[in-house]
Amino acid sequence: MQKDMIQTLFIIIVLVIGLFFAFNYGKKTKNEVIEYKASQSEKTLEEISEQKSLDKPNRTPEFESLSKKAYEYLNQQQKYAEEEYGIGKYEKWFYDQETGLLTFSDNDEIKLKIKYESVGSISKISETWLWSWANEHLEQIVKSDIKKVKKYGEENNIEALTKRKWHADQYDGWEMTAISAYLMKAKGAYRVPTENTYSFMIFKDIIDLR
């Protein structure tokens with residue numbers, strides 16, 4: 001009899017302990033709940049802020065006017081570079097950050113050497129534009145003059161020229177390249193495709209070795 005009572009009492013104790021843990025499992029204190037909600041709120045605000053920081057810049061009438069002039073200028077330069085130097089018809093191209101040279105060759109013989117300035121790049125992954133002056137992975141020799149474009153943007157309140165990174169596609173990349181070519185009086189431009197990016201550059205000088 002006494003043995004049965006002990007067993008019954010033991011079962012009751014186990015059940016009470018089990019119910020206690022089941023009821024309190026995962027239960028947060030009031031302070032923990034407040035802290036959790038606050039952290040989630042902060043995370044959401046950070047995400048919204050980060051997303052907003054990548055919004056495309058405003059297109060003002062001044063920007064549209066500049067863009068039109070820039071495209072007209074670059075189209076003329078591209079046409080001349082193609083007709084005079086045959087750019088786009090060579091077997092191979094190669095660019096070297098350390099020398100700041102873009103070369104074109106046929107039969108392993110270099111035909112053209114071009115001193116270039118990096119303008120920026122489009123990421124195929126994040127679909128964003130990044131100005132070369134904001135890209136710490138580029139050598140200084142290929143981005144030494146591009147800040148002139150940023151300065152122009154600051155002086156004329158053109159956000160697209162001063163915002164380091166924003167959502168963009170290839171058309172935006174070409175537009176920024178055209179504007180840079182126009183402002184820096186470049187002799188042409190080129191887009192270099194890589195696995196994850198499109199890199200845009202403008203020609204500062206063309207050395208004909210043909």
# chains A, B, ... in the order shown; residues from 1 in each chain; ligands from 1
>>> residues_around(residues="Tyr90 in chain A", least_positions_apart="3", cutoff="7 Å", atoms="only C-alpha atoms", output="PyMOL selection string")
chain A and resi 87+104-106
>>> residues_around(residues="Glu159 in chain A", least_positions_apart="3", cutoff="10 Å", atoms="only C-alpha atoms", output="VMD selection string")
chain A and resid 56 to 60 63 150 153 to 154 156 162 to 164
>>> closest_residue(among="A:His137, A:Leu66, A:Ile110, A:Gly188", to="Tyr152 in chain A", atoms="only C-alpha atoms")
A:Leu66
>>> residues_around(residues="range 113-128 of chain A", least_positions_apart="3", cutoff="9 Å", atoms="only C-alpha atoms", output="PyMOL selection string")
chain A and resi 54+95+99-104+110+131-135+138+141-146+165-170+172-173+176-177+180+189+195-209
>>> write_last_selection(atoms="N, CA and C atoms", output="tab-separated table (two decimals), in the first residue's frame")
chain	number	residue	atom	x	y	z
A	54	LEU	N	20.13	53.15	-51.89
A	54	LEU	CA	20.47	52.63	-53.22
A	54	LEU	C	19.46	53.04	-54.29
A	95	TYR	N	43.30	44.61	-70.52
A	95	TYR	CA	43.54	45.84	-69.76
A	95	TYR	C	44.32	45.52	-68.48
A	99	THR	N	49.30	49.44	-65.14
A	99	THR	CA	49.86	50.36	-66.14
A	99	THR	C	48.82	51.38	-66.61
A	100	GLY	N	47.55	51.06	-66.38
A	100	GLY	CA	46.49	51.94	-66.84
A	100	GLY	C	46.31	51.88	-68.34
A	101	LEU	N	46.66	50.72	-68.94
A	101	LEU	CA	46.58	50.58	-70.39
A	101	LEU	C	45.57	49.52	-70.82
A	102	LEU	N	44.82	49.86	-71.86
A	102	LEU	CA	43.94	48.92	-72.54
A	102	LEU	C	44.57	48.67	-73.90
A	103	THR	N	44.80	47.40	-74.24
A	103	THR	CA	45.46	47.10	-75.52
A	103	THR	C	44.57	46.25	-76.41
A	104	PHE	N	44.72	46.46	-77.71
A	104	PHE	CA	44.03	45.65	-78.72
A	104	PHE	C	45.09	45.01	-79.61
A	110	ILE	N	50.38	43.63	-80.58
A	110	ILE	CA	49.61	44.79	-80.10
A	110	ILE	C	49.51	45.85	-81.19
A	131	TRP	N	30.65	54.01	-58.66
A	131	TRP	CA	31.65	54.89	-59.27
A	131	TRP	C	33.06	54.39	-58.94
A	132	SER	N	33.97	54.57	-59.87
A	132	SER	CA	35.34	54.10	-59.64
A	132	SER	C	36.01	54.84	-58.49
A	133	TRP	N	35.66	56.13	-58.30
A	133	TRP	CA	36.28	56.88	-57.20
A	133	TRP	C	35.88	56.32	-55.84
A	134	ALA	N	34.81	55.50	-55.82
A	134	ALA	CA	34.36	54.90	-54.56
A	134	ALA	C	34.79	53.44	-54.44
A	135	ASN	N	35.50	52.94	-55.45
A	135	ASN	CA	35.90	51.53	-55.47
A	135	ASN	C	37.34	51.39	-54.96
A	138	LEU	N	40.31	49.39	-56.92
A	138	LEU	CA	40.96	49.87	-58.14
A	138	LEU	C	42.26	50.60	-57.82
A	141	ILE	N	46.00	54.79	-60.34
A	141	ILE	CA	46.38	55.25	-61.67
A	141	ILE	C	45.20	55.26	-62.64
A	142	VAL	N	44.20	54.40	-62.41
A	142	VAL	CA	43.07	54.34	-63.34
A	142	VAL	C	41.84	55.11	-62.84
A	143	LYS	N	41.98	55.80	-61.72
A	143	LYS	CA	40.86	56.60	-61.22
A	143	LYS	C	41.33	57.95	-60.67
A	144	SER	N	42.44	58.41	-61.20
A	144	SER	CA	43.04	59.65	-60.69
A	144	SER	C	42.29	60.91	-61.13
A	145	ASP	N	41.58	60.84	-62.25
A	145	ASP	CA	40.91	62.03	-62.79
A	145	ASP	C	39.39	62.01	-62.68
A	146	ILE	N	38.81	60.86	-62.38
A	146	ILE	CA	37.35	60.73	-62.42
A	146	ILE	C	36.66	61.59	-61.36
A	165	LYS	N	26.93	54.76	-54.98
A	165	LYS	CA	26.38	53.47	-55.41
A	165	LYS	C	24.86	53.54	-55.44
A	166	TRP	N	24.26	52.96	-56.48
A	166	TRP	CA	22.80	52.97	-56.59
A	166	TRP	C	22.33	51.92	-57.58
A	167	HIS	N	21.05	51.54	-57.47
A	167	HIS	CA	20.49	50.53	-58.36
A	167	HIS	C	20.55	51.02	-59.81
A	168	ALA	N	21.06	50.15	-60.69
A	168	ALA	CA	21.26	50.58	-62.07
A	168	ALA	C	21.37	49.37	-62.99
A	169	ASP	N	21.30	49.66	-64.30
A	169	ASP	CA	21.52	48.63	-65.31
A	169	ASP	C	22.58	49.13	-66.30
A	170	GLN	N	22.78	48.39	-67.37
A	170	GLN	CA	23.83	48.75	-68.33
A	170	GLN	C	23.59	50.11	-68.97
A	172	ASP	N	22.30	52.71	-67.58
A	172	ASP	CA	22.80	53.72	-66.63
A	172	ASP	C	24.32	53.79	-66.69
A	173	GLY	N	24.95	52.62	-66.81
A	173	GLY	CA	26.41	52.57	-66.90
A	173	GLY	C	26.92	53.34	-68.10
A	176	MET	N	26.44	57.19	-67.48
A	176	MET	CA	27.49	57.77	-66.63
A	176	MET	C	28.82	57.86	-67.39
A	177	THR	N	29.05	56.87	-68.25
A	177	THR	CA	30.28	56.86	-69.05
A	177	THR	C	30.26	57.98	-70.08
A	180	SER	N	30.84	61.25	-68.31
A	180	SER	CA	32.26	61.36	-67.92
A	180	SER	C	33.12	61.69	-69.13
A	189	ALA	N	35.15	55.32	-75.49
A	189	ALA	CA	34.81	54.57	-74.28
A	189	ALA	C	34.71	53.08	-74.61
A	195	GLU	N	32.93	38.18	-65.23
A	195	GLU	CA	31.95	37.21	-64.75
A	195	GLU	C	30.80	37.85	-63.99
A	196	ASN	N	31.12	38.80	-63.11
A	196	ASN	CA	30.08	39.38	-62.25
A	196	ASN	C	29.82	40.86	-62.49
A	197	THR	N	30.60	41.49	-63.35
A	197	THR	CA	30.44	42.93	-63.55
A	197	THR	C	30.60	43.34	-65.01
A	198	TYR	N	30.16	44.56	-65.27
A	198	TYR	CA	30.50	45.26	-66.51
A	198	TYR	C	31.29	46.49	-66.07
A	199	SER	N	32.53	46.58	-66.50
A	199	SER	CA	33.36	47.72	-66.14
A	199	SER	C	33.41	48.71	-67.31
A	200	PHE	N	33.24	49.98	-66.99
A	200	PHE	CA	33.21	51.02	-68.02
A	200	PHE	C	34.45	51.91	-67.90
A	201	MET	N	35.04	52.22	-69.05
A	201	MET	CA	36.24	53.06	-69.05
A	201	MET	C	36.19	54.04	-70.22
A	202	ILE	N	36.92	55.14	-70.09
A	202	ILE	CA	37.01	56.12	-71.17
A	202	ILE	C	38.47	56.26	-71.59
A	203	PHE	N	38.66	56.67	-72.86
A	203	PHE	CA	40.00	56.77	-73.42
A	203	PHE	C	40.59	58.16	-73.20
A	204	LYS	N	41.74	58.20	-72.55
A	204	LYS	CA	42.42	59.48	-72.36
A	204	LYS	C	43.39	59.76	-73.50
A	205	ASP	N	44.00	58.69	-74.02
A	205	ASP	CA	44.94	58.84	-75.13
A	205	ASP	C	45.02	57.52	-75.89
A	206	ILE	N	45.12	57.61	-77.22
A	206	ILE	CA	45.20	56.42	-78.07
A	206	ILE	C	46.54	56.42	-78.79
A	207	ILE	N	47.30	55.35	-78.58
A	207	ILE	CA	48.62	55.21	-79.21
A	207	ILE	C	48.51	54.16	-80.31
A	208	ASP	N	48.68	54.60	-81.55
A	208	ASP	CA	48.53	53.73	-82.72
A	208	ASP	C	49.86	53.05	-83.04
A	209	LEU	N	49.90	51.72	-82.96
A	209	LEU	CA	51.13	50.96	-83.22
A	209	LEU	C	51.04	50.15	-84.52
>>> atom_distance(atom1="CA of Ser67 in chain A", atom2="CA of Glu136 in chain A")
26.9 Å
>>> select_by_dssp(residues="range 26-178 of chain A", states="strand (DSSP E or B)", output="PyMOL selection string")
chain A and resi 92-96+101-106+109-123+128-131+165-167
>>> atom_distance(atom1="CA of Lys151 in chain A", atom2="CA of Asn75 in chain A")
23.9 Å
>>> atom_distance(atom1="CA of Lys185 in chain A", atom2="CA of Tyr85 in chain A")
17.8 Å
>>> select_by_dssp(residues="range 88-199 of chain A", states="helix (DSSP H, G or I)", output="PyMOL selection string")
chain A and resi 132-134+140-142+147-156+159-161+170-184
